[in-house]
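*Asks:* Shown below is the structure under consideration.
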Amino acid sequence: MKPRTVVLILLCLGIVVTSCKKTIHYPATSLTDYFLTLQVGKYATYRLDSLNFYYYGQLDTITSYLAKDSVESSFVDGSGNTAWYVTRYISDTTGSSWYAGETYTVTPSQQKIEMTEENLRFIKLAFPLQEAFSWTGNTYLPYAPYQDFFDFSDDSHLTLGNWNYTYHSVNKPYTLGSQSWDSTLTVLQENDSINVPILDPNSFASRTYWSETYAKHVGLVYRHTEMWEYQPPTPDGTQTGYKIGFQLTMRLIDHN
């Protein structure tokens, strides 16, 4: 076969192979476009309503307060990535006085945004920003991460590492009270329940629900979390039925 003929055949094969490849075009939006602006001095203020169960679930108490997440400084972590310190300032609902609560870290990259709070590491957002895309956002969590606070027994509250975070309503408008945003996305982290609503008070019940909504160029605007269990009364009647766990709602009220 002549050299020229071989070259022509190879060129034709290259054209055929290239034409068979499917090109996937991902949106140019960066993950950081949907997160708190990582720049010193930027902040977001939330109204937090926390429901806790006390006295073996006999008393349900809602505590409301304000939380202001403020970007304080940056540093280079052990992997050479730029990470950011964010301090959460706490106040009552009047906002008259603030005190520094916890400080958490945010580490962004092109593929994911990690957040570490209370020594627990989460992958909050992941690439690509596509409807129904999912990832294991709790992959770094240990077994029973909340055992120091609650004596959970349901496996969904002990083994959190296999949760599949999933995008919903990507690049869709969202309204929260008097506020509206043109482009948001929601991350459904977990939605699982047993015997909810509790129709049989003599049976075990459990609820796990984590969802966060982010607005473009703003960050987190709404979060709702439920993690609780209901233990039925003991057969001998020495212990009545009770709940353990918590429920938390965060609503954005201000940012710069």
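Just so we're on the same page: first chain in the structure tokens is A, next is B, and so on; residues restart at 1 for each chain, and ligands are numbered from 1 in the order they show up.
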Output as a tab-separated table one row per residue of stretch 138-164 of chain A within 9 Å of stretch 117-128 of chain A: the closest atom pair and its distance in Å to one decimal place, counting only C-alpha atoms, sorted by chain and residue number ascending.
*Replies:*
```
residue	atom	partner	partner_atom	distance
A:Asn138	CA	A:Phe122	CA	5.4
A:Thr139	CA	A:Phe122	CA	7.5
A:Tyr140	CA	A:Arg121	CA	5.9
A:Leu141	CA	A:Leu120	CA	6.2
A:Pro142	CA	A:Leu120	CA	8.3
A:Pro145	CA	A:Leu120	CA	7.8
```
*Asks:* How would you write, as a short mmCIF file (atom, residue, chain, number, x, y, z; two decimals) with N, CA and C atoms, in the first residue's frame, the set of residues in stretch 35-150 of chain A that DSSP gives as strand (DSSP E or B)?
*Replies:*
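After the write, selection_30.cif holds the following:
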```
data_model
loop_
_atom_site.label_atom_id
_atom_site.label_comp_id
_atom_site.auth_asym_id
_atom_site.auth_seq_id
_atom_site.Cartn_x
_atom_site.Cartn_y
_atom_site.Cartn_z
N TYR A 43 -20.02 38.68 54.68
CA TYR A 43 -20.79 37.99 55.72
C TYR A 43 -22.20 37.65 55.23
N ALA A 44 -22.84 36.75 55.93
CA ALA A 44 -24.25 36.41 55.70
C ALA A 44 -24.88 36.20 57.07
N THR A 45 -26.05 36.78 57.28
CA THR A 45 -26.73 36.69 58.57
C THR A 45 -28.01 35.88 58.41
N TYR A 46 -28.24 34.97 59.36
CA TYR A 46 -29.38 34.06 59.29
C TYR A 46 -30.24 34.13 60.54
N ARG A 47 -31.50 33.86 60.37
CA ARG A 47 -32.40 33.60 61.50
C ARG A 47 -32.42 32.09 61.68
N LEU A 48 -32.08 31.64 62.88
CA LEU A 48 -32.05 30.22 63.20
C LEU A 48 -33.16 29.89 64.18
N ASP A 49 -33.94 28.88 63.85
CA ASP A 49 -34.96 28.36 64.74
C ASP A 49 -34.62 26.91 65.02
N SER A 50 -34.30 26.62 66.28
CA SER A 50 -33.82 25.29 66.66
C SER A 50 -34.83 24.63 67.59
N LEU A 51 -35.27 23.43 67.21
CA LEU A 51 -36.18 22.64 68.04
C LEU A 51 -35.41 21.50 68.68
N ASN A 52 -35.44 21.43 69.99
CA ASN A 52 -34.76 20.37 70.72
C ASN A 52 -35.75 19.67 71.65
N PHE A 53 -35.44 18.42 71.94
CA PHE A 53 -36.31 17.62 72.79
C PHE A 53 -35.62 17.40 74.14
N TYR A 54 -36.29 17.83 75.20
CA TYR A 54 -35.72 17.73 76.54
C TYR A 54 -36.58 16.81 77.42
N LEU A 59 -40.68 17.57 76.60
CA LEU A 59 -40.75 19.00 76.40
C LEU A 59 -40.05 19.37 75.10
N ASP A 60 -40.81 19.94 74.17
CA ASP A 60 -40.24 20.42 72.91
C ASP A 60 -40.03 21.92 73.02
N THR A 61 -38.79 22.36 72.86
CA THR A 61 -38.45 23.77 73.04
C THR A 61 -37.85 24.33 71.76
N ILE A 62 -38.42 25.44 71.27
CA ILE A 62 -37.88 26.13 70.10
C ILE A 62 -37.07 27.33 70.58
N THR A 63 -35.82 27.38 70.16
CA THR A 63 -34.94 28.50 70.48
C THR A 63 -34.62 29.26 69.20
N SER A 64 -34.82 30.57 69.21
CA SER A 64 -34.57 31.39 68.02
C SER A 64 -33.45 32.37 68.31
N TYR A 65 -32.57 32.54 67.33
CA TYR A 65 -31.47 33.48 67.48
C TYR A 65 -30.94 33.85 66.11
N LEU A 66 -29.96 34.74 66.06
CA LEU A 66 -29.33 35.17 64.82
C LEU A 66 -27.91 34.62 64.75
N ALA A 67 -27.48 34.27 63.56
CA ALA A 67 -26.11 33.80 63.34
C ALA A 67 -25.53 34.56 62.16
N LYS A 68 -24.37 35.15 62.36
CA LYS A 68 -23.70 35.91 61.32
C LYS A 68 -22.39 35.21 60.96
N ASP A 69 -22.33 34.67 59.74
CA ASP A 69 -21.13 34.00 59.27
C ASP A 69 -20.23 35.02 58.56
N SER A 70 -19.06 35.26 59.15
CA SER A 70 -18.16 36.31 58.65
C SER A 70 -16.83 35.71 58.21
N VAL A 71 -16.40 36.03 56.98
CA VAL A 71 -15.12 35.55 56.47
C VAL A 71 -14.01 36.36 57.12
N GLU A 72 -13.13 35.68 57.88
CA GLU A 72 -12.14 36.38 58.70
C GLU A 72 -10.74 36.39 58.08
N SER A 73 -10.30 35.26 57.53
CA SER A 73 -8.93 35.18 56.99
C SER A 73 -8.79 33.93 56.14
N SER A 74 -7.64 33.81 55.48
CA SER A 74 -7.36 32.64 54.65
C SER A 74 -6.02 32.03 55.05
N PHE A 75 -5.80 30.79 54.64
CA PHE A 75 -4.53 30.12 54.90
C PHE A 75 -4.35 29.04 53.84
N VAL A 76 -3.15 28.50 53.75
CA VAL A 76 -2.86 27.41 52.81
C VAL A 76 -2.81 26.12 53.61
N THR A 82 -5.89 26.91 49.08
CA THR A 82 -6.28 28.06 49.88
C THR A 82 -7.60 27.76 50.59
N ALA A 83 -7.59 27.85 51.90
CA ALA A 83 -8.79 27.64 52.71
C ALA A 83 -9.11 28.91 53.47
N TRP A 84 -10.35 29.00 53.96
CA TRP A 84 -10.81 30.23 54.60
C TRP A 84 -11.41 29.94 55.96
N TYR A 85 -11.10 30.82 56.91
CA TYR A 85 -11.72 30.76 58.23
C TYR A 85 -12.99 31.61 58.22
N VAL A 86 -14.08 31.02 58.66
CA VAL A 86 -15.34 31.74 58.77
C VAL A 86 -15.81 31.63 60.22
N THR A 87 -16.01 32.77 60.86
CA THR A 87 -16.47 32.78 62.25
C THR A 87 -17.97 33.04 62.29
N ARG A 88 -18.66 32.24 63.10
CA ARG A 88 -20.10 32.40 63.27
C ARG A 88 -20.36 33.17 64.56
N TYR A 89 -20.88 34.38 64.42
CA TYR A 89 -21.22 35.22 65.56
C TYR A 89 -22.70 35.00 65.91
N ILE A 90 -23.00 34.94 67.20
CA ILE A 90 -24.34 34.62 67.67
C ILE A 90 -24.94 35.80 68.42
N SER A 91 -26.25 36.01 68.23
CA SER A 91 -26.96 37.05 68.96
C SER A 91 -28.40 36.57 69.19
N TYR A 99 -21.60 37.64 70.06
CA TYR A 99 -20.40 36.99 70.59
C TYR A 99 -19.95 35.92 69.59
N ALA A 100 -18.66 35.68 69.57
CA ALA A 100 -18.10 34.70 68.63
C ALA A 100 -18.43 33.30 69.09
N GLY A 101 -19.04 32.54 68.21
CA GLY A 101 -19.33 31.14 68.49
C GLY A 101 -18.25 30.27 67.89
N GLU A 102 -18.64 29.36 67.01
CA GLU A 102 -17.68 28.46 66.38
C GLU A 102 -17.00 29.12 65.18
N THR A 103 -15.84 28.60 64.81
CA THR A 103 -15.16 28.97 63.58
C THR A 103 -15.03 27.72 62.72
N TYR A 104 -15.47 27.83 61.47
CA TYR A 104 -15.34 26.69 60.57
C TYR A 104 -14.48 27.09 59.37
N THR A 105 -14.06 26.10 58.60
CA THR A 105 -13.21 26.36 57.45
C THR A 105 -13.91 25.96 56.16
N VAL A 106 -13.62 26.68 55.10
CA VAL A 106 -14.15 26.39 53.77
C VAL A 106 -12.98 26.26 52.81
N THR A 107 -12.92 25.16 52.09
CA THR A 107 -11.85 24.92 51.13
C THR A 107 -12.45 24.69 49.75
N PRO A 108 -12.36 25.67 48.86
CA PRO A 108 -12.94 25.53 47.52
C PRO A 108 -11.93 24.99 46.51
N LYS A 112 -15.00 20.69 43.93
CA LYS A 112 -15.83 20.56 45.12
C LYS A 112 -15.56 21.71 46.08
N ILE A 113 -16.49 21.90 47.00
CA ILE A 113 -16.31 22.84 48.11
C ILE A 113 -16.48 22.05 49.39
N GLU A 114 -15.42 22.02 50.20
CA GLU A 114 -15.45 21.31 51.47
C GLU A 114 -15.63 22.29 52.62
N MET A 115 -16.38 21.88 53.62
CA MET A 115 -16.56 22.69 54.81
C MET A 115 -16.34 21.81 56.03
N THR A 116 -15.55 22.29 56.97
CA THR A 116 -15.26 21.54 58.19
C THR A 116 -15.74 22.35 59.38
N GLU A 117 -16.70 21.79 60.12
CA GLU A 117 -17.21 22.44 61.32
C GLU A 117 -17.34 21.40 62.42
N LEU A 120 -16.05 18.02 61.81
CA LEU A 120 -16.76 17.18 60.84
C LEU A 120 -16.61 17.81 59.46
N ARG A 121 -16.21 17.00 58.50
CA ARG A 121 -15.86 17.49 57.17
C ARG A 121 -16.91 17.05 56.15
N PHE A 122 -17.49 18.04 55.44
CA PHE A 122 -18.55 17.79 54.47
C PHE A 122 -18.13 18.30 53.09
N ILE A 123 -18.61 17.64 52.04
CA ILE A 123 -18.45 18.15 50.68
C ILE A 123 -19.79 18.79 50.32
N LYS A 124 -19.88 20.10 50.48
CA LYS A 124 -21.15 20.80 50.35
C LYS A 124 -21.64 20.87 48.91
N LEU A 125 -20.74 21.22 48.00
CA LEU A 125 -21.08 21.32 46.58
C LEU A 125 -20.06 20.56 45.77
N ALA A 126 -20.48 20.03 44.62
CA ALA A 126 -19.57 19.27 43.76
C ALA A 126 -19.88 19.56 42.30
N SER A 134 -25.30 13.61 41.68
CA SER A 134 -25.17 13.27 43.10
C SER A 134 -23.74 12.88 43.44
N TRP A 135 -23.41 12.98 44.73
CA TRP A 135 -22.08 12.63 45.23
C TRP A 135 -22.21 12.28 46.71
#
```
*Asks:* Grab the atom CA of A:Gly219 to atom CA of A:Leu31 distance for me, in Å with one decimal place.
*Replies:* 10.1 Å
*Asks:* Let's see if you can do this: from backbone DSSP, list all alpha helix (DSSP H) residues in stretch 4-243 of chain A, as a PyMOL selection string.
*Replies:* chain A and resi 4-20
*Asks:* Could you work out how far atom CA of A:Thr184 lies from atom CA of A:Tyr34, giving the answer in Å with one decimal?
*Replies:*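 One can read the atom CA of A:Tyr34 to atom CA of A:Thr184 distance as 7.7 Å.
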*Asks:* Pick from A:Ala132, A:Gln189, A:Tyr174, A:Asp182: nearest to A:Leu160, with only C-alpha atoms counted?
*Replies:*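 Distance minimum relative to A:Leu160 lands on A:Gln189.
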*Asks:* If we count only C-alpha atoms, what is near A:Thr186 at a cut-off of 12 Å, once residues fewer than 5 positions away on the same chain are taken out, given as a PyMOL selection string?
*Replies:* chain A and resi 34+124-125+129-134+165-174+210-216+219-224
*Asks:* Using only C-alpha atoms, find the one residue out of A:Trp181, A:Trp163, A:Trp98, A:Tyr230 that sits nearest to A:Val196.
*Replies:*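 Between A:Trp181, A:Trp163, A:Trp98, A:Tyr230, the residue approaching A:Val196 most closely is A:Tyr230.
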*Asks:* Work out how far atom CA of A:Gly137 is from atom CA of A:Arg207, in Å to one decimal.
*Replies:*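 Atom CA of A:Gly137 lies at a distance of 19.1 Å from atom CA of A:Arg207.
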*Asks:* Please identify all polymer residues within 8 Å of A:Thr37, counting only C-alpha atoms, omitting same-chain residues fewer than 2 positions from it, and present them as a compact mmCIF listing (two decimals) with N, CA, C and O atoms, in the first residue's frame.
*Replies:*
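Output file result.txt follows:
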```txt
# COMPACT_ATOMS: atom_id res chain seq x y z
N THR A 32 -18.05 28.22 43.41
CA THR A 32 -17.99 29.32 44.36
C THR A 32 -19.03 30.41 44.07
O THR A 32 -19.32 31.23 44.95
N ASP A 33 -19.62 30.40 42.87
CA ASP A 33 -20.66 31.37 42.56
C ASP A 33 -21.89 31.16 43.45
O ASP A 33 -22.68 32.08 43.65
N PHE A 35 -21.69 29.89 46.63
CA PHE A 35 -21.30 29.80 48.03
C PHE A 35 -21.05 31.20 48.58
O PHE A 35 -20.97 32.18 47.83
N GLN A 39 -14.10 36.16 50.72
CA GLN A 39 -13.30 37.38 50.72
C GLN A 39 -13.43 37.99 52.11
O GLN A 39 -14.54 38.09 52.66
N LYS A 42 -16.66 39.72 54.02
CA LYS A 42 -17.97 39.30 53.55
C LYS A 42 -18.70 38.54 54.65
O LYS A 42 -18.09 37.82 55.45
N TYR A 43 -20.02 38.68 54.68
CA TYR A 43 -20.79 37.99 55.72
C TYR A 43 -22.20 37.65 55.23
O TYR A 43 -22.68 38.20 54.22
N HIS A 217 -24.23 34.00 43.67
CA HIS A 217 -23.59 35.23 44.14
C HIS A 217 -24.07 35.64 45.54
O HIS A 217 -23.85 36.78 45.95
N VAL A 218 -24.69 34.71 46.24
CA VAL A 218 -25.14 34.98 47.61
C VAL A 218 -24.65 33.90 48.55
O VAL A 218 -24.03 34.17 49.58
N GLY A 219 -24.92 32.65 48.20
CA GLY A 219 -24.57 31.52 49.05
C GLY A 219 -25.80 30.86 49.63
O GLY A 219 -26.89 30.91 49.04
```
